[in-house]
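A.B. asks: Following this message is one structure expressed as structure tokens.
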Amino acid sequence: MHQSKQEDILLELMRQLDERENIDAGVVLRNPVEVYTSQELAREEWEEFFEKFPQVIGLSGDLPENGSFLTVDEFGISILATRDSQGSFRAFLNACRHRGVQVESEKRGKRFKFSCPFHKWTYNNNGELTAIPQEHHFGNIDKSCRGLIELDAAERHGVLWVHPKPGASLNVNNLLGGFGAELEAWSLSEMKWVGQTPINMNLNWKLANDTFGETYHFHKLHKDTVGRIFYGDVLDYEVIGRNHRFVFPSRGIDRVRTKPRSEWRLTHGAVVLYYLFPNIQLVIGRGTVNLIRIYPIKNNPGKSCTMVSHYFSDELIEAQSVESDDGPEITSENIYNLEKRSGALPSVVSQNEVFVSTVSEQDYVMGESTQKAAENGLLEHLLFGRNEPALHHFHNTFREALGMNALEVHED
């Protein structure tokens, strides 16, 4: 993002803080609760937004070197993504061409060959079938025609995209609209993957998405957690097509004020969140990125899965490397292990944990409560306030994509 744009956003956030104002969408909208409970709508969403729509599966740092691989199965099919021997990003259906068995079961690692566990048909990381055991017994097979089924994939601006439907194509420029240059400027391709946290809870995937649509709740629900780190009720917001940029200030903005404008950096005083239709929240902080992928559970509108992938810059990894009596050295190879974390991790790691625990233990718990009320028929609709423009955008964009009418304006 250009320096002048960063300054403009910071100035707007400072103005809102000083004048005790917030962004104003101009109207209050009514959202019928059936969008969180309808089986028919859930089937449409699954088909249109996940089975037929290009998906973000990670950042470049998920495949850090030639031979790296990644498997993903959150949207109905199992995908094997590789960085091949030439350094190119490839994606395949993770299914053997013999009997359809999943070829790779590990979530990630480094491997140049993949062998099906059933009969050991073997493929290289270009997807080519290279070996069939007892081939003379099996029968005549043209191996050049029986490689893994490849999916259209693209690596742009440090983001990994895959179209889950064989034979379909994707166009990243169309998907991003005008945000491509901004994402490129954040150097996402240089960020290192350091961990992943799954959150599986009883709320519709759109309710999970709604969590990232306003800061109105920060000083209420989060007063003892992220409310101490960030300011609420202040927002710079820009929509481009189906996507948007959502920027809110951290307490660091108070220090930014004291510096010459030439030294202002947006992430020193704010958090930048890009919403990428339909299910991606990309949260950019100072030396950190959290990629949040939100998925429905097929045939169950009351459940969802959120995958939060964590990335650090090289500078942050170097700065945060420590030797702890409670655990191994925190290095680029071993900096982040949420399952076996020590009691003396660097503060930035602790802040990431606070972020994840806040989402799961506070935000999503509120979403579960809303889901129960919706399923019990206690409410007919929810309200999206003038200070919650991202919620307006999420839902009207979903509705437009499915040929539904826009949300109604609420008038008392």
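Residue numbers start at 1 in each chain; chains themselves are named A, B, ... in the order of the structure tokens; ligands are numbered from 1 in the order shown.
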Give me, as CSV, each residue of stretch 123-233 of chain A that comes within 10 Å of stretch 19-36 of chain A, together with its shortest interatomic pair and the distance in Å at one decimal, counting only C-alpha atoms, with rows ordered by chain and rising residue number.

C.D. replies:
```
residue,atom,partner,partner_atom,distance
A:Leu203,CA,A:Tyr36,CA,8.1
A:Asn204,CA,A:Tyr36,CA,5.6
A:Trp205,CA,A:Tyr36,CA,8.1
A:Lys206,CA,A:Tyr36,CA,7.1
A:Leu207,CA,A:Tyr36,CA,7.3
A:Tyr216,CA,A:Asn22,CA,9.6
A:Gly232,CA,A:Asn22,CA,9.2
A:Asp233,CA,A:Asn22,CA,5.8
```

A.B. asks: Go through A:Lys113, A:Arg108, A:Arg386, A:Arg97 and flag the residue nearest A:Ser85, using only C-alpha atoms for the distances.

C.D. replies: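 Smallest separation from A:Ser85 among the options: A:Lys113.
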
A.B. asks: Need to verify the contact set: stretch 130-139 of chain A, 12 Å, only C-alpha atoms, exclusion of same-chain residues closer than 4 positions in sequence. Can you return it as an mmCIF file with N, CA and C atoms, in the first residue's frame?

C.D. replies:
```cif
data_model
loop_
_atom_site.group_PDB
_atom_site.id
_atom_site.type_symbol
_atom_site.label_atom_id
_atom_site.label_comp_id
_atom_site.auth_asym_id
_atom_site.auth_seq_id
_atom_site.Cartn_x
_atom_site.Cartn_y
_atom_site.Cartn_z
ATOM 1 N N CYS A 96 -6.043 -41.490 -5.834
ATOM 2 C CA CYS A 96 -5.297 -42.369 -6.731
ATOM 3 C C CYS A 96 -6.133 -42.694 -7.959
ATOM 4 N N ARG A 97 -5.488 -42.765 -9.113
ATOM 5 C CA ARG A 97 -6.193 -43.049 -10.366
ATOM 6 C C ARG A 97 -6.503 -44.540 -10.538
ATOM 7 N N HIS A 98 -6.105 -45.351 -9.548
ATOM 8 C CA HIS A 98 -6.424 -46.781 -9.591
ATOM 9 C C HIS A 98 -7.793 -47.028 -8.964
ATOM 10 N N PHE A 112 8.922 -35.727 -2.537
ATOM 11 C CA PHE A 112 8.974 -35.618 -3.987
ATOM 12 C C PHE A 112 8.162 -36.715 -4.671
ATOM 13 N N LYS A 113 7.801 -37.752 -3.899
ATOM 14 C CA LYS A 113 6.982 -38.831 -4.436
ATOM 15 C C LYS A 113 5.878 -39.172 -3.437
ATOM 16 N N PHE A 114 4.725 -39.561 -3.981
ATOM 17 C CA PHE A 114 3.569 -39.902 -3.165
ATOM 18 C C PHE A 114 3.088 -41.280 -3.575
ATOM 19 N N SER A 115 2.953 -42.175 -2.607
ATOM 20 C CA SER A 115 2.527 -43.543 -2.893
ATOM 21 C C SER A 115 1.187 -43.816 -2.232
ATOM 22 N N CYS A 116 0.242 -44.300 -3.027
ATOM 23 C CA CYS A 116 -1.066 -44.663 -2.494
ATOM 24 C C CYS A 116 -0.898 -45.802 -1.484
ATOM 25 N N PHE A 118 -2.898 -48.074 -0.628
ATOM 26 C CA PHE A 118 -3.649 -49.282 -0.959
ATOM 27 C C PHE A 118 -2.806 -50.257 -1.778
ATOM 28 N N HIS A 119 -2.269 -49.809 -2.917
ATOM 29 C CA HIS A 119 -1.514 -50.697 -3.801
ATOM 30 C C HIS A 119 -0.164 -50.106 -4.217
ATOM 31 N N LYS A 120 0.174 -48.949 -3.644
ATOM 32 C CA LYS A 120 1.477 -48.319 -3.863
ATOM 33 C C LYS A 120 1.679 -47.779 -5.273
ATOM 34 N N TRP A 121 0.609 -47.423 -5.955
ATOM 35 C CA TRP A 121 0.809 -46.640 -7.168
ATOM 36 C C TRP A 121 1.490 -45.343 -6.735
ATOM 37 N N THR A 122 2.483 -44.930 -7.488
ATOM 38 C CA THR A 122 3.348 -43.836 -7.050
ATOM 39 C C THR A 122 3.342 -42.693 -8.062
ATOM 40 N N TYR A 123 3.288 -41.455 -7.517
ATOM 41 C CA TYR A 123 3.224 -40.247 -8.332
ATOM 42 C C TYR A 123 4.334 -39.291 -7.892
ATOM 43 N N ASN A 124 4.870 -38.503 -8.821
ATOM 44 C CA ASN A 124 5.823 -37.474 -8.424
ATOM 45 C C ASN A 124 5.068 -36.187 -8.101
ATOM 46 N N ASN A 125 5.797 -35.148 -7.664
ATOM 47 C CA ASN A 125 5.091 -33.937 -7.244
ATOM 48 C C ASN A 125 4.679 -33.051 -8.415
ATOM 49 N N ASN A 126 4.871 -33.538 -9.639
ATOM 50 C CA ASN A 126 4.241 -32.949 -10.823
ATOM 51 C C ASN A 126 2.908 -33.618 -11.129
ATOM 52 N N LYS A 143 0.823 -44.944 -18.405
ATOM 53 C CA LYS A 143 1.015 -44.112 -17.211
ATOM 54 C C LYS A 143 0.945 -42.624 -17.527
ATOM 55 N N SER A 144 1.275 -42.238 -18.756
ATOM 56 C CA SER A 144 1.242 -40.821 -19.106
ATOM 57 C C SER A 144 -0.179 -40.260 -19.099
ATOM 58 N N CYS A 145 -1.174 -41.140 -19.125
ATOM 59 C CA CYS A 145 -2.577 -40.700 -19.127
ATOM 60 C C CYS A 145 -3.253 -40.892 -17.769
ATOM 61 N N ARG A 146 -2.518 -41.390 -16.778
ATOM 62 C CA ARG A 146 -3.156 -41.727 -15.507
ATOM 63 C C ARG A 146 -2.514 -40.991 -14.327
ATOM 64 N N GLY A 147 -1.991 -39.793 -14.588
ATOM 65 C CA GLY A 147 -1.483 -38.993 -13.486
ATOM 66 C C GLY A 147 -2.610 -38.473 -12.610
ATOM 67 N N LEU A 148 -2.265 -37.893 -11.479
ATOM 68 C CA LEU A 148 -3.269 -37.273 -10.615
ATOM 69 C C LEU A 148 -4.025 -36.209 -11.393
#
```

A.B. asks: At a cut-off of 8 Å, using only C-alpha atoms, what residues contact A:Ala91? Leave out same-chain residues fewer than 3 positions from it and give the result as a list in words.

C.D. replies: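 Selected residues are Ile79, Leu80, Ala81, Thr82, Glu150, Leu151, Asp152, Ala153 and Val162 of chain A.
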
A.B. asks: Would you kindly return, as a list in words, each protein, DNA or RNA residue with an atom no farther than 12 Å from any atom of A:Lys298, considering only C-alpha atoms and excluding same-chain residues fewer than 4 positions away?

C.D. replies: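 Surrounding residues, per the criterion: Gln39, Glu40, Leu41, Ala42, Arg43, Glu44, Glu45, Trp46, Glu47, Phe50, Glu51, Glu74, Phe75, Gly76, Ile77, Asn204, Trp205, Gly302, Lys303, Ser304 and Cys305 of chain A.
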
A.B. asks: Residues of stretch 11-199 of chain A in helix (DSSP H, G or I) according to DSSP, as a PyMOL selection string?

C.D. replies: chain A and resi 11-19+33-36+39-51+60-62+135-138+143-145+172-185+188-190

A.B. asks: For the strand (DSSP E or B) assignment from backbone DSSP, which residues of stretch 168-309 of chain A qualify? Please present them as a VMD selection string.

C.D. replies: chain A and resid 192 to 201 230 236 to 240 243 to 250 270 to 276 280 to 284 288 to 297 300 to 309

A.B. asks: Generate the output file for the selected residues, C-alpha atoms, as a short mmCIF file (atom, residue, chain, number, x, y, z; two decimals), in the first residue's frame.

C.D. replies:
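So out.cif came out as:
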```cif
data_model
loop_
_atom_site.label_atom_id
_atom_site.label_comp_id
_atom_site.auth_asym_id
_atom_site.auth_seq_id
_atom_site.Cartn_x
_atom_site.Cartn_y
_atom_site.Cartn_z
CA LYS A 192 6.68 -17.86 7.06
CA TRP A 193 4.03 -20.34 8.16
CA VAL A 194 4.34 -20.97 11.92
CA GLY A 195 1.19 -22.84 12.88
CA GLN A 196 -2.49 -23.49 12.37
CA THR A 197 -5.48 -23.55 14.71
CA PRO A 198 -8.81 -25.21 13.86
CA ILE A 199 -12.01 -23.94 15.48
CA ASN A 200 -15.04 -26.23 15.18
CA MET A 201 -18.19 -24.89 16.82
CA PHE A 230 -7.29 -2.27 20.12
CA ASP A 236 -11.78 2.91 7.97
CA TYR A 237 -13.66 0.87 5.40
CA GLU A 238 -13.53 0.47 1.61
CA VAL A 239 -15.49 -1.89 -0.64
CA ILE A 240 -14.21 -3.12 -3.99
CA ASN A 243 -14.31 -7.77 -1.29
CA HIS A 244 -13.48 -5.09 1.24
CA ARG A 245 -10.71 -3.60 3.36
CA PHE A 246 -11.48 -3.09 7.06
CA VAL A 247 -8.94 -1.14 9.18
CA PHE A 248 -9.21 -0.50 12.93
CA PRO A 249 -6.66 1.11 15.27
CA SER A 250 -4.47 -0.51 17.87
CA ALA A 270 -3.72 -0.40 13.13
CA VAL A 271 -4.77 -3.83 11.95
CA VAL A 272 -5.65 -4.30 8.30
CA LEU A 273 -8.26 -6.91 7.44
CA TYR A 274 -9.10 -7.91 3.87
CA TYR A 275 -12.32 -9.79 3.31
CA LEU A 276 -12.11 -11.94 0.16
CA ILE A 280 -11.64 -15.47 3.70
CA GLN A 281 -10.49 -12.98 6.34
CA LEU A 282 -6.85 -11.96 5.86
CA VAL A 283 -5.63 -10.13 8.97
CA ILE A 284 -2.37 -8.19 8.59
CA THR A 288 2.20 -11.08 11.44
CA VAL A 289 -0.54 -12.41 9.19
CA ASN A 290 -3.50 -14.57 10.15
CA LEU A 291 -5.31 -16.25 7.27
CA ILE A 292 -8.81 -17.19 8.40
CA ARG A 293 -10.71 -19.66 6.22
CA ILE A 294 -14.33 -20.23 7.25
CA TYR A 295 -16.29 -23.26 6.00
CA PRO A 296 -19.78 -24.65 6.47
CA ILE A 297 -20.23 -28.27 7.44
CA ASN A 300 -25.57 -29.00 8.68
CA PRO A 301 -26.25 -25.24 8.69
CA GLY A 302 -25.74 -25.13 12.48
CA LYS A 303 -22.05 -26.03 12.41
CA SER A 304 -18.91 -24.59 10.85
CA CYS A 305 -15.15 -25.03 10.74
CA THR A 306 -12.68 -22.15 10.91
CA MET A 307 -9.02 -22.71 10.05
CA VAL A 308 -6.66 -20.00 11.31
CA SER A 309 -3.18 -20.15 9.76
#
```

A.B. asks: What's around stretch 2-9 of chain A at 10 Å? Count only C-alpha atoms, leave out sequence neighbours fewer than 4 positions away in its own chain, and write the answer as a PyMOL selection string.

C.D. replies: chain A and resi 13-15+181-182+185+235-237+247-249+261-267+270

A.B. asks: Out of A:Glu388, A:His381, A:Lys220, A:Phe89, which residue has the shortest atom-to-atom distance to A:Glu408 when counting only C-alpha atoms?

C.D. replies: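 Under the stated criterion, the closest residue is A:His381.
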
A.B. asks: When you draw a straight line from atom CA of A:Glu155 to atom CA of A:Leu316, how long is it in Å?

C.D. replies: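 Separation of atom CA of A:Glu155 and atom CA of A:Leu316: 23.9 Å.
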
A.B. asks: With distances taken over only C-alpha atoms, which of A:Leu383, A:Leu183, A:Ile229, A:Ile141 is nearest to A:Leu59?

C.D. replies: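 Once distances to A:Leu59 are computed over only C-alpha atoms, the minimum belongs to A:Leu183.
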
A.B. asks: Kindly indicate which residue among A:Pro54, A:Pro117, A:Pro260, A:Gly367 lies nearest to A:Ser169, using only C-alpha atoms for the distances.

C.D. replies: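 Ranking A:Pro54, A:Pro117, A:Pro260, A:Gly367 by distance to A:Ser169, first place goes to A:Pro54.
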
A.B. asks: Can you tell me how far atom CA of A:Ala208 sits from atom CA of A:Tyr364, in Å to one decimal?

C.D. replies: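 It comes out at 6.5 Å.
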
A.B. asks: Measure the distance from atom CA of A:His392 to atom CA of A:Leu188 in Å and round it to one decimal.

C.D. replies: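 These two atoms are separated by 28.2 Å.
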